[in-house]
Amino acid sequence: MDRRQFTIATGAGALAAVSRFGIGRAQTRKLRVGLLLPRSGYLGLIGQSCQKGADLAPGVIKELLGVDIELLNADFESNVDTARTRAERLIGEGANVLVGPFDSGAASAIAQVAEQRQMPFIINIAAAPQITEQGYKFVFRNFQTAGDIVRNGLDLIGDLFAATGAAPRTAVYMHVNDTFGQGMTKAIQAMLPARTKLPFKIVDDIAYDPAAKDLSVEVAKAKATGADFLLLVCRLNDAIILRREMVKQRWNPMGIISPGSPGMYEEQYFKTLGKLASHAISNVPWYNPKAKLTKLVEKAFLKRYPKDQLVFNGLNVGFTFEAILVAADAFKRARSTDPEGLAEAIRLTNITEKMTLGGPIKFNAKGQVEGIGSASLQNLDGMPRVVLPSSAAEAKPVFPAPYYKT
Amino acid sequence: MSADLIANVVIAGVLTGLVYGLMALGLSVIFGVVRVVNFAHGEMMTVAMYAATVLFAGLGLGLDPFLAIIPVGAAFFVFGYALQWVVINPFVTRPEHAQFMLLVAVAIILVNALLAIFGPDARGVQTDYQLDSLAMGGILIDKTRLYAAGVALATALGLLVFFKKTRVGTAIRACADNHLGALIVGLHVRRLYALTFGIGAVCVAVAGCAMVALVDVTPSAGPAFTLLAFVIVIVGGLGSMAGALLGGVLIGVSEALAGLLVAPSAKSMFSFGLLIVVLLLRPRGLLGRKT
């Protein structure tokens with residue numbers, strides 16, 4: 001063996017050794033985040049809103065933590081099967097961590113892939129409780145479960161009635177029939193009877209397809225119950241269709257209250273419905289407008305989207321940004337993109353400077369963050385405004401709505 | 001359950017069903033004559049819906065979707081005629097799977113073109129009367145749905161007159177009844193096929209303009225419309241215009257009643273159940289002719 005052959009053989013051996021023990025990967029300076037969102041299909045508008053939070057994350061996080069992030073974007077077209085295949089593809093393309101997907105059905109599918117491939121998966125928004133009840137080791141969620149959302153949402157309804165002096169006796173419950181809607185329904189059925197401070201009973205339960213293009217029968221059925229108000233678990237498009245149908249059918253209950261679902265605080269809801277969007281109430285996990293991190297994110301948001309407002313994207317941007325922040329923070333501590341190391345670092349997360357309401361981001365043994373706060377938002381003056389809890393309120397709640405006719 | 005509620009739901013079902021029937025009419029006309037199943041039907045309708053939104057808001061014209069039927073219908077006639085003449089005609093005598101692949105390819109191209117031009121956002125038109133309803137005692141009738149149903153009936157009537165009372169219509173029916181005989185007596189079958197496809201495309205355009213007054217449109221809406229149109233024409237009888245309208249009304253009413261009496265989220269289950277019953281008991285459809 002001459003000197004040249006010896007050098008080549010030694011180099012090849014060293015490369016093989018580095019590769020074998022994952023040293024090259026451990027020294028990676030950039031975190032590749034595989035982002036799964038429904039940017040088209042019936043969840044498309046909300047997916048695009050989440051995307052805004054992801055797009056500004058690399059810049060803000062670089063400033064905060066000095067970590068470089070590369071986003072690998074995938075649109076799963078509001079389709080659970082597509083979410084599964086896109087997750088596989090992102091892993092194949094070299095993602096170090098998966099983030100997304102805004103939808104519980106898709107989150108369940110991606111979680112299975114992540115667990116099989118041992119790839120950390122941080123859920124930005126998805127509430128079905130079972131996702132973090134499977135004993136998964138690589139799945140983490142910084143969002144309320146349906147149970148938490150409903151518990152907080154119902155408590156806020158009690159606070160709303162106390163604040164306004166209203167005492168509706170009946171509600172008709174309408175909800176989407178997807179994974180999220182079913183999770184919420186189970187939680188409501190379990191928790192409502194125990195909440196004796198709430199003066200109303202549910203007189204009918206009407207499930208509908210979130211992709212429905214016509215909700216005339218559903219609204220006719222709800223109107224016929226004569227319920228005092230509409231308790232609604234919805235998405236965006238169906239919330240718009242439903243509100244229009246209420247006007248067509250001249251149904252004017254005391255109000256529409258969501259115990260914790262998207263739709264009625266989204267920008268598109270206001271754009272499409274104009275004045276009809278007014279006075280709807282959504283009790284949801286929300287961001288803290290006074291937090292330092294919110295100011296930073298809002299500045300980056302307005303720089304990137306000067307014609308937009310954070311308030312219309314608050315939940316989507318806040319939780320998507322925080323999911324990527326969790327990944328970046330873990331990457332910084334782990335100094336590695338090795339999935340095991342990254343997952344272990346995520347488990348030890350303790351982020352106190354956060355954007356959303358509630359306590360620090362700390363995962364329990366199931367990979368779930370506890371203690372995330374909710375706010376009651378009411379559509380007033382063309383935008384969602386915090387009306388409860390009173391400590392964070394920007395306006396006073398109005399209930400019954402002015403359109404109410406007995 | 002009150003009589004008013006049932007009446008409201010049944011009327012809404014009938015009106016929606018007529019719009020569904022209008023949507024399926026084009027599919028039925030084309031298959032009845034050319035014997036090609038248009039698998040791009042829903043996607044073509046989606047294009048018409050987008051065209052109506054552009055004429056309403058995109059160009060600042062504020063053209064009502066029911067008036068947009070005229071320019072969109074004219075454009076679709078040319079498009080349908082050209083599509084048949086240039087692209088589909090070579091496939092008329094080829095096996096069904098080749099026709100299927102061709103029209104699925106057309107559908108994919110249309111969906112992606114819409115995505116490229118308009119993006120994935122939902123679009124709609126917001127007319128002054130969009131939220132109006134007519135009250136008759138306890139019965140409320142959605143004005144827009146009523147207009148759309150009227151357009152459906154007028155279109156079906158117009159087609160009936162065209163096919164029964166005009167020389168061209170009679171010639172097209174002759175082609176449908178006996179292709180070889182039509183060739184022997186000297187009819188220009190290729191031109192009549194293109195004309196039929198153009199007429200079918202006009203039906204699609206009319207349905208799209210009426211539909212966009214009722215629901216928002218996204219580029220991915222096409223396959224659901226195609227599927228619904230297939231269910232309707234199979235229930236009503238493939239190739240039968242009256243069957244398409246009847247099928248539409250049956251599907252509309254069965255969905256509405258299922259939503260009211262059983263569960264709203266099970267609505268489409270009933271339309272597919274009806275499809276299976278018809279296929280088992282009367283495979284040619286309710287008004288379909290024996291082959």
# chains A, B, ... in the order shown; residues from 1 in each chain; ligands from 1

$ residues_around --residues "segment 241-256 of chain A" --least-positions-apart "3" --cutoff "6 Å" --atoms "only C-alpha atoms" --output "list in words"
Asp228, Phe229, Leu230, Asp238, Ala280, Pro400, Ala401, Tyr404 and Lys405 of chain A; Leu131, Asp132 and Ser133 of chain B

$ closest_atom_pairs --of "chain B" --to "chain A" --cutoff "7 Å" --atoms "only C-alpha atoms" --output "JSON lines"
{"residue": "B:Leu5", "atom": "CA", "partner": "A:Ala220", "partner_atom": "CA", "distance": 6.9}
{"residue": "B:Val9", "atom": "CA", "partner": "A:Val217", "partner_atom": "CA", "distance": 6.0}
{"residue": "B:Pro120", "atom": "CA", "partner": "A:Ser40", "partner_atom": "CA", "distance": 5.1}
{"residue": "B:Asp121", "atom": "CA", "partner": "A:Leu45", "partner_atom": "CA", "distance": 6.4}
{"residue": "B:Leu131", "atom": "CA", "partner": "A:Lys248", "partner_atom": "CA", "distance": 5.0}
{"residue": "B:Asp132", "atom": "CA", "partner": "A:Lys248", "partner_atom": "CA", "distance": 5.8}
{"residue": "B:Ser133", "atom": "CA", "partner": "A:Lys248", "partner_atom": "CA", "distance": 5.8}
{"residue": "B:Leu140", "atom": "CA", "partner": "A:Gln249", "partner_atom": "CA", "distance": 6.6}
{"residue": "B:Asp142", "atom": "CA", "partner": "A:Lys248", "partner_atom": "CA", "distance": 6.5}
{"residue": "B:Val215", "atom": "CA", "partner": "A:Lys213", "partner_atom": "CA", "distance": 6.1}
{"residue": "B:Ser220", "atom": "CA", "partner": "A:Gly41", "partner_atom": "CA", "distance": 6.5}
{"residue": "B:Ala256", "atom": "CA", "partner": "A:Val217", "partner_atom": "CA", "distance": 6.1}
{"residue": "B:Gly259", "atom": "CA", "partner": "A:Val217", "partner_atom": "CA", "distance": 6.2}
{"residue": "B:Leu260", "atom": "CA", "partner": "A:Val217", "partner_atom": "CA", "distance": 6.4}
{"residue": "B:Pro264", "atom": "CA", "partner": "A:Tyr208", "partner_atom": "CA", "distance": 5.6}
{"residue": "B:Ser265", "atom": "CA", "partner": "A:Tyr208", "partner_atom": "CA", "distance": 4.4}

$ residues_around --residues "Ser28 of chain B" --least-positions-apart "5" --cutoff "8 Å" --atoms "only C-alpha atoms" --output "ChimeraX atom specification"
/B:233,238-241,244

$ select_by_dssp --residues "segment 18-194 of chain A" --states "alpha helix (DSSP H)" --output "JSON, numbers by chain"
{"A": [18, 19, 20, 23, 24, 25, 26, 44, 45, 46, 47, 48, 49, 50, 51, 52, 53, 54, 55, 56, 57, 58, 59, 60, 61, 62, 63, 64, 65, 80, 81, 82, 83, 84, 85, 86, 87, 88, 89, 90, 91, 92, 104, 105, 106, 107, 108, 109, 110, 111, 112, 113, 114, 115, 116, 117, 146, 147, 148, 149, 150, 151, 152, 153, 154, 155, 156, 157, 158, 159, 160, 161, 162, 163, 164, 179, 180, 181, 182, 183, 184, 185, 186, 187, 188, 189, 190, 191]}

$ select_by_dssp --residues "segment 97-141 of chain A" --states "strand (DSSP E)" --output "PyMOL selection string"
chain A and resi 97-100+121-123+139-141

$ residues_around --residues "Met211 of chain B" --least-positions-apart "5" --cutoff "9 Å" --atoms "only C-alpha atoms" --output "ChimeraX atom specification"
/B:19-20,23,45,49,65,145,148,206,216-217

$ write_last_selection --atoms "N, CA and C atoms" --output "PDB file, in the first residue's frame"
ATOM      1  N   VAL B  19     -81.457  22.232  -8.424  1.00  0.00           N
ATOM      2  CA  VAL B  19     -80.110  22.734  -8.773  1.00  0.00           C
ATOM      3  C   VAL B  19     -79.168  21.552  -8.997  1.00  0.00           C
ATOM      4  N   TYR B  20     -79.286  20.540  -8.150  1.00  0.00           N
ATOM      5  CA  TYR B  20     -78.485  19.321  -8.358  1.00  0.00           C
ATOM      6  C   TYR B  20     -78.803  18.738  -9.745  1.00  0.00           C
ATOM      7  N   MET B  23     -77.195  20.514 -12.456  1.00  0.00           N
ATOM      8  CA  MET B  23     -75.777  20.160 -12.494  1.00  0.00           C
ATOM      9  C   MET B  23     -75.558  18.852 -13.266  1.00  0.00           C
ATOM     10  N   MET B  45     -67.534  22.488 -13.990  1.00  0.00           N
ATOM     11  CA  MET B  45     -68.485  23.336 -13.270  1.00  0.00           C
ATOM     12  C   MET B  45     -67.752  24.285 -12.316  1.00  0.00           C
ATOM     13  N   MET B  49     -67.934  28.308 -12.034  1.00  0.00           N
ATOM     14  CA  MET B  49     -68.185  29.038 -10.786  1.00  0.00           C
ATOM     15  C   MET B  49     -67.135  30.132 -10.595  1.00  0.00           C
ATOM     16  N   PRO B  65     -74.561  36.702 -10.694  1.00  0.00           N
ATOM     17  CA  PRO B  65     -74.252  35.365 -11.227  1.00  0.00           C
ATOM     18  C   PRO B  65     -75.326  34.820 -12.171  1.00  0.00           C
ATOM     19  N   ARG B 145     -82.065  30.331  -3.675  1.00  0.00           N
ATOM     20  CA  ARG B 145     -82.326  28.937  -4.032  1.00  0.00           C
ATOM     21  C   ARG B 145     -83.523  28.853  -4.986  1.00  0.00           C
ATOM     22  N   ALA B 148     -82.357  29.918  -8.393  1.00  0.00           N
ATOM     23  CA  ALA B 148     -81.521  28.862  -8.988  1.00  0.00           C
ATOM     24  C   ALA B 148     -82.395  27.707  -9.487  1.00  0.00           C
ATOM     25  N   VAL B 206     -74.283  27.009 -16.811  1.00  0.00           N
ATOM     26  CA  VAL B 206     -75.492  27.531 -16.160  1.00  0.00           C
ATOM     27  C   VAL B 206     -75.547  27.018 -14.715  1.00  0.00           C
ATOM     28  N   ASP B 216     -69.883  28.682  -1.751  1.00  0.00           N
ATOM     29  CA  ASP B 216     -68.557  29.155  -2.153  1.00  0.00           C
ATOM     30  C   ASP B 216     -67.859  28.062  -2.947  1.00  0.00           C
ATOM     31  N   VAL B 217     -66.836  28.460  -3.685  1.00  0.00           N
ATOM     32  CA  VAL B 217     -66.132  27.490  -4.517  1.00  0.00           C
ATOM     33  C   VAL B 217     -64.640  27.472  -4.177  1.00  0.00           C
TER      34      VAL B 217
END

$ closest_residue --among "B:Gly62, B:Gly243, B:Gly248, B:Gly200" --to "Leu286 of chain B" --atoms "only C-alpha atoms"
B:Gly243

$ closest_residue --among "B:Thr53, B:Val10, B:Leu245, B:Val34" --to "Ala149 of chain B" --atoms "only C-alpha atoms"
B:Leu245

$ residues_around --residues "Ala190 of chain A" --least-positions-apart "5" --cutoff "12 Å" --atoms "only C-alpha atoms" --output "list in words"
Ala146, Gly147, Val150, Arg151, Leu154, Gly183, Met184, Thr185 and Arg195 of chain A

$ residues_around --residues "Phe180 of chain A" --least-positions-apart "4" --cutoff "10 Å" --atoms "only C-alpha atoms" --output "list of chain:residue names"
A:Asp103, A:Ser104, A:Gly105, A:Ala126, A:Ala127, A:Ala128, A:Pro129, A:Thr145, A:Ala146, A:His175, A:Val176, A:Met184, A:Thr185, A:Val233, A:Cys234, A:Arg235, A:Ser261

$ atom_distance --atom1 "atom CA of Leu114 of chain B" --atom2 "atom CA of Pro219 of chain B"
5.7 Å

$ residues_around --residues "segment 107-116 of chain A" --least-positions-apart "4" --cutoff "12 Å" --atoms "only C-alpha atoms" --output "ChimeraX atom specification"
/A:34-38,76,78-92,95-103,120-141,179-180,339-340,343,367

$ write_last_selection --atoms "C-alpha atoms" --output "PDB file, in the first residue's frame"
ATOM      1  CA  GLY A  34     -40.875  19.435   8.607  1.00  0.00           C
ATOM      2  CA  LEU A  35     -44.034  21.549   8.752  1.00  0.00           C
ATOM      3  CA  LEU A  36     -47.358  19.870   7.973  1.00  0.00           C
ATOM      4  CA  LEU A  37     -50.339  22.169   7.503  1.00  0.00           C
ATOM      5  CA  PRO A  38     -53.652  22.038   5.595  1.00  0.00           C
ATOM      6  CA  PHE A  76     -51.694  17.912   3.405  1.00  0.00           C
ATOM      7  CA  SER A  78     -57.109  18.852   4.639  1.00  0.00           C
ATOM      8  CA  ASN A  79     -56.864  15.117   4.053  1.00  0.00           C
ATOM      9  CA  VAL A  80     -55.779  12.684   6.769  1.00  0.00           C
ATOM     10  CA  ASP A  81     -54.307  10.108   4.371  1.00  0.00           C
ATOM     11  CA  THR A  82     -52.326  12.807   2.609  1.00  0.00           C
ATOM     12  CA  ALA A  83     -51.032  13.984   5.996  1.00  0.00           C
ATOM     13  CA  ARG A  84     -49.653  10.511   6.630  1.00  0.00           C
ATOM     14  CA  THR A  85     -47.853  10.286   3.267  1.00  0.00           C
ATOM     15  CA  ARG A  86     -46.528  13.855   3.503  1.00  0.00           C
ATOM     16  CA  ALA A  87     -45.099  13.068   6.957  1.00  0.00           C
ATOM     17  CA  GLU A  88     -43.302  10.029   5.513  1.00  0.00           C
ATOM     18  CA  ARG A  89     -41.975  12.159   2.676  1.00  0.00           C
ATOM     19  CA  LEU A  90     -40.712  14.922   4.991  1.00  0.00           C
ATOM     20  CA  ILE A  91     -38.810  12.356   7.041  1.00  0.00           C
ATOM     21  CA  GLY A  92     -37.357  10.986   3.817  1.00  0.00           C
ATOM     22  CA  ALA A  95     -36.591  16.633   8.455  1.00  0.00           C
ATOM     23  CA  ASN A  96     -35.232  16.478  12.020  1.00  0.00           C
ATOM     24  CA  VAL A  97     -38.547  17.195  13.681  1.00  0.00           C
ATOM     25  CA  LEU A  98     -42.177  17.356  12.520  1.00  0.00           C
ATOM     26  CA  VAL A  99     -44.477  20.241  13.446  1.00  0.00           C
ATOM     27  CA  GLY A 100     -48.192  20.704  12.748  1.00  0.00           C
ATOM     28  CA  PRO A 101     -50.921  20.004  11.715  1.00  0.00           C
ATOM     29  CA  PHE A 102     -53.899  21.996  13.134  1.00  0.00           C
ATOM     30  CA  ASP A 103     -56.227  19.014  12.796  1.00  0.00           C
ATOM     31  CA  PRO A 120     -40.036  13.944  17.274  1.00  0.00           C
ATOM     32  CA  PHE A 121     -43.431  15.434  16.417  1.00  0.00           C
ATOM     33  CA  ILE A 122     -44.590  18.646  18.082  1.00  0.00           C
ATOM     34  CA  ILE A 123     -48.280  19.378  17.695  1.00  0.00           C
ATOM     35  CA  ASN A 124     -49.083  23.048  17.282  1.00  0.00           C
ATOM     36  CA  ILE A 125     -52.890  22.771  17.355  1.00  0.00           C
ATOM     37  CA  ALA A 126     -55.032  19.633  17.729  1.00  0.00           C
ATOM     38  CA  ALA A 127     -57.230  18.870  20.694  1.00  0.00           C
ATOM     39  CA  ALA A 128     -58.362  15.230  20.526  1.00  0.00           C
ATOM     40  CA  PRO A 129     -57.299  13.845  23.942  1.00  0.00           C
ATOM     41  CA  GLN A 130     -56.377  10.372  22.687  1.00  0.00           C
ATOM     42  CA  ILE A 131     -53.359  11.657  20.756  1.00  0.00           C
ATOM     43  CA  THR A 132     -51.330  11.974  23.948  1.00  0.00           C
ATOM     44  CA  GLU A 133     -52.946   8.984  25.637  1.00  0.00           C
ATOM     45  CA  GLN A 134     -51.313   6.309  23.466  1.00  0.00           C
ATOM     46  CA  GLY A 135     -48.030   6.067  25.318  1.00  0.00           C
ATOM     47  CA  TYR A 136     -46.125   7.637  22.425  1.00  0.00           C
ATOM     48  CA  LYS A 137     -42.552   8.667  23.175  1.00  0.00           C
ATOM     49  CA  PHE A 138     -41.953  11.024  20.270  1.00  0.00           C
ATOM     50  CA  VAL A 139     -45.230  12.980  20.261  1.00  0.00           C
ATOM     51  CA  PHE A 140     -45.547  16.282  22.123  1.00  0.00           C
ATOM     52  CA  ARG A 141     -48.406  18.747  22.304  1.00  0.00           C
ATOM     53  CA  THR A 179     -62.267  13.859  15.269  1.00  0.00           C
ATOM     54  CA  PHE A 180     -62.044  17.264  16.916  1.00  0.00           C
ATOM     55  CA  PRO A 339     -34.014  12.087  17.074  1.00  0.00           C
ATOM     56  CA  GLU A 340     -33.523  10.360  20.445  1.00  0.00           C
ATOM     57  CA  ALA A 343     -36.882  14.013  21.913  1.00  0.00           C
ATOM     58  CA  GLY A 367     -45.960  14.648  26.212  1.00  0.00           C
TER      59      GLY A 367
END

$ atom_distance --atom1 "atom CA of Phe225 of chain B" --atom2 "atom CA of Met44 of chain B"
9.8 Å

$ decode --residues "segment 74-155 of chain A" --atoms "C-alpha atoms" --output "short mmCIF file (atom, residue, chain, number, x, y, z; two decimals), in the first residue's frame"
data_model
loop_
_atom_site.label_atom_id
_atom_site.label_comp_id
_atom_site.auth_asym_id
_atom_site.auth_seq_id
_atom_site.Cartn_x
_atom_site.Cartn_y
_atom_site.Cartn_z
CA ALA A 74 -45.88 20.27 3.20
CA ASP A 75 -49.56 20.91 2.43
CA PHE A 76 -51.69 17.91 3.40
CA GLU A 77 -54.77 19.32 1.63
CA SER A 78 -57.11 18.85 4.64
CA ASN A 79 -56.86 15.12 4.05
CA VAL A 80 -55.78 12.68 6.77
CA ASP A 81 -54.31 10.11 4.37
CA THR A 82 -52.33 12.81 2.61
CA ALA A 83 -51.03 13.98 6.00
CA ARG A 84 -49.65 10.51 6.63
CA THR A 85 -47.85 10.29 3.27
CA ARG A 86 -46.53 13.85 3.50
CA ALA A 87 -45.10 13.07 6.96
CA GLU A 88 -43.30 10.03 5.51
CA ARG A 89 -41.98 12.16 2.68
CA LEU A 90 -40.71 14.92 4.99
CA ILE A 91 -38.81 12.36 7.04
CA GLY A 92 -37.36 10.99 3.82
CA GLU A 93 -36.31 14.48 2.79
CA GLY A 94 -34.29 14.89 5.98
CA ALA A 95 -36.59 16.63 8.46
CA ASN A 96 -35.23 16.48 12.02
CA VAL A 97 -38.55 17.20 13.68
CA LEU A 98 -42.18 17.36 12.52
CA VAL A 99 -44.48 20.24 13.45
CA GLY A 100 -48.19 20.70 12.75
CA PRO A 101 -50.92 20.00 11.71
CA PHE A 102 -53.90 22.00 13.13
CA ASP A 103 -56.23 19.01 12.80
CA SER A 104 -56.80 16.17 15.25
CA GLY A 105 -57.41 13.52 12.60
CA ALA A 106 -54.22 14.43 10.79
CA ALA A 107 -52.34 14.69 14.09
CA SER A 108 -53.34 11.12 14.97
CA ALA A 109 -52.10 9.87 11.59
CA ILE A 110 -48.82 11.80 11.76
CA ALA A 111 -48.26 10.66 15.36
CA GLN A 112 -48.31 7.03 14.20
CA VAL A 113 -45.73 7.77 11.52
CA ALA A 114 -43.57 9.76 13.94
CA GLU A 115 -43.66 6.97 16.49
CA GLN A 116 -42.84 4.27 13.94
CA ARG A 117 -39.95 6.29 12.51
CA GLN A 118 -38.88 7.59 15.95
CA MET A 119 -39.05 11.19 14.81
CA PRO A 120 -40.04 13.94 17.27
CA PHE A 121 -43.43 15.43 16.42
CA ILE A 122 -44.59 18.65 18.08
CA ILE A 123 -48.28 19.38 17.69
CA ASN A 124 -49.08 23.05 17.28
CA ILE A 125 -52.89 22.77 17.35
CA ALA A 126 -55.03 19.63 17.73
CA ALA A 127 -57.23 18.87 20.69
CA ALA A 128 -58.36 15.23 20.53
CA PRO A 129 -57.30 13.84 23.94
CA GLN A 130 -56.38 10.37 22.69
CA ILE A 131 -53.36 11.66 20.76
CA THR A 132 -51.33 11.97 23.95
CA GLU A 133 -52.95 8.98 25.64
CA GLN A 134 -51.31 6.31 23.47
CA GLY A 135 -48.03 6.07 25.32
CA TYR A 136 -46.12 7.64 22.43
CA LYS A 137 -42.55 8.67 23.18
CA PHE A 138 -41.95 11.02 20.27
CA VAL A 139 -45.23 12.98 20.26
CA PHE A 140 -45.55 16.28 22.12
CA ARG A 141 -48.41 18.75 22.30
CA ASN A 142 -48.32 22.39 23.37
CA PHE A 143 -52.08 22.87 23.09
CA GLN A 144 -55.08 22.19 25.26
CA THR A 145 -56.84 18.85 24.96
CA ALA A 146 -60.56 18.90 24.19
CA GLY A 147 -61.18 18.32 27.90
CA ASP A 148 -59.11 21.36 28.88
CA ILE A 149 -60.70 23.52 26.19
CA VAL A 150 -64.21 22.55 27.25
CA ARG A 151 -63.49 22.91 30.96
CA ASN A 152 -62.08 26.41 30.46
CA GLY A 153 -64.72 27.23 27.84
CA LEU A 154 -67.65 26.25 30.06
CA ASP A 155 -66.20 28.10 33.03
#
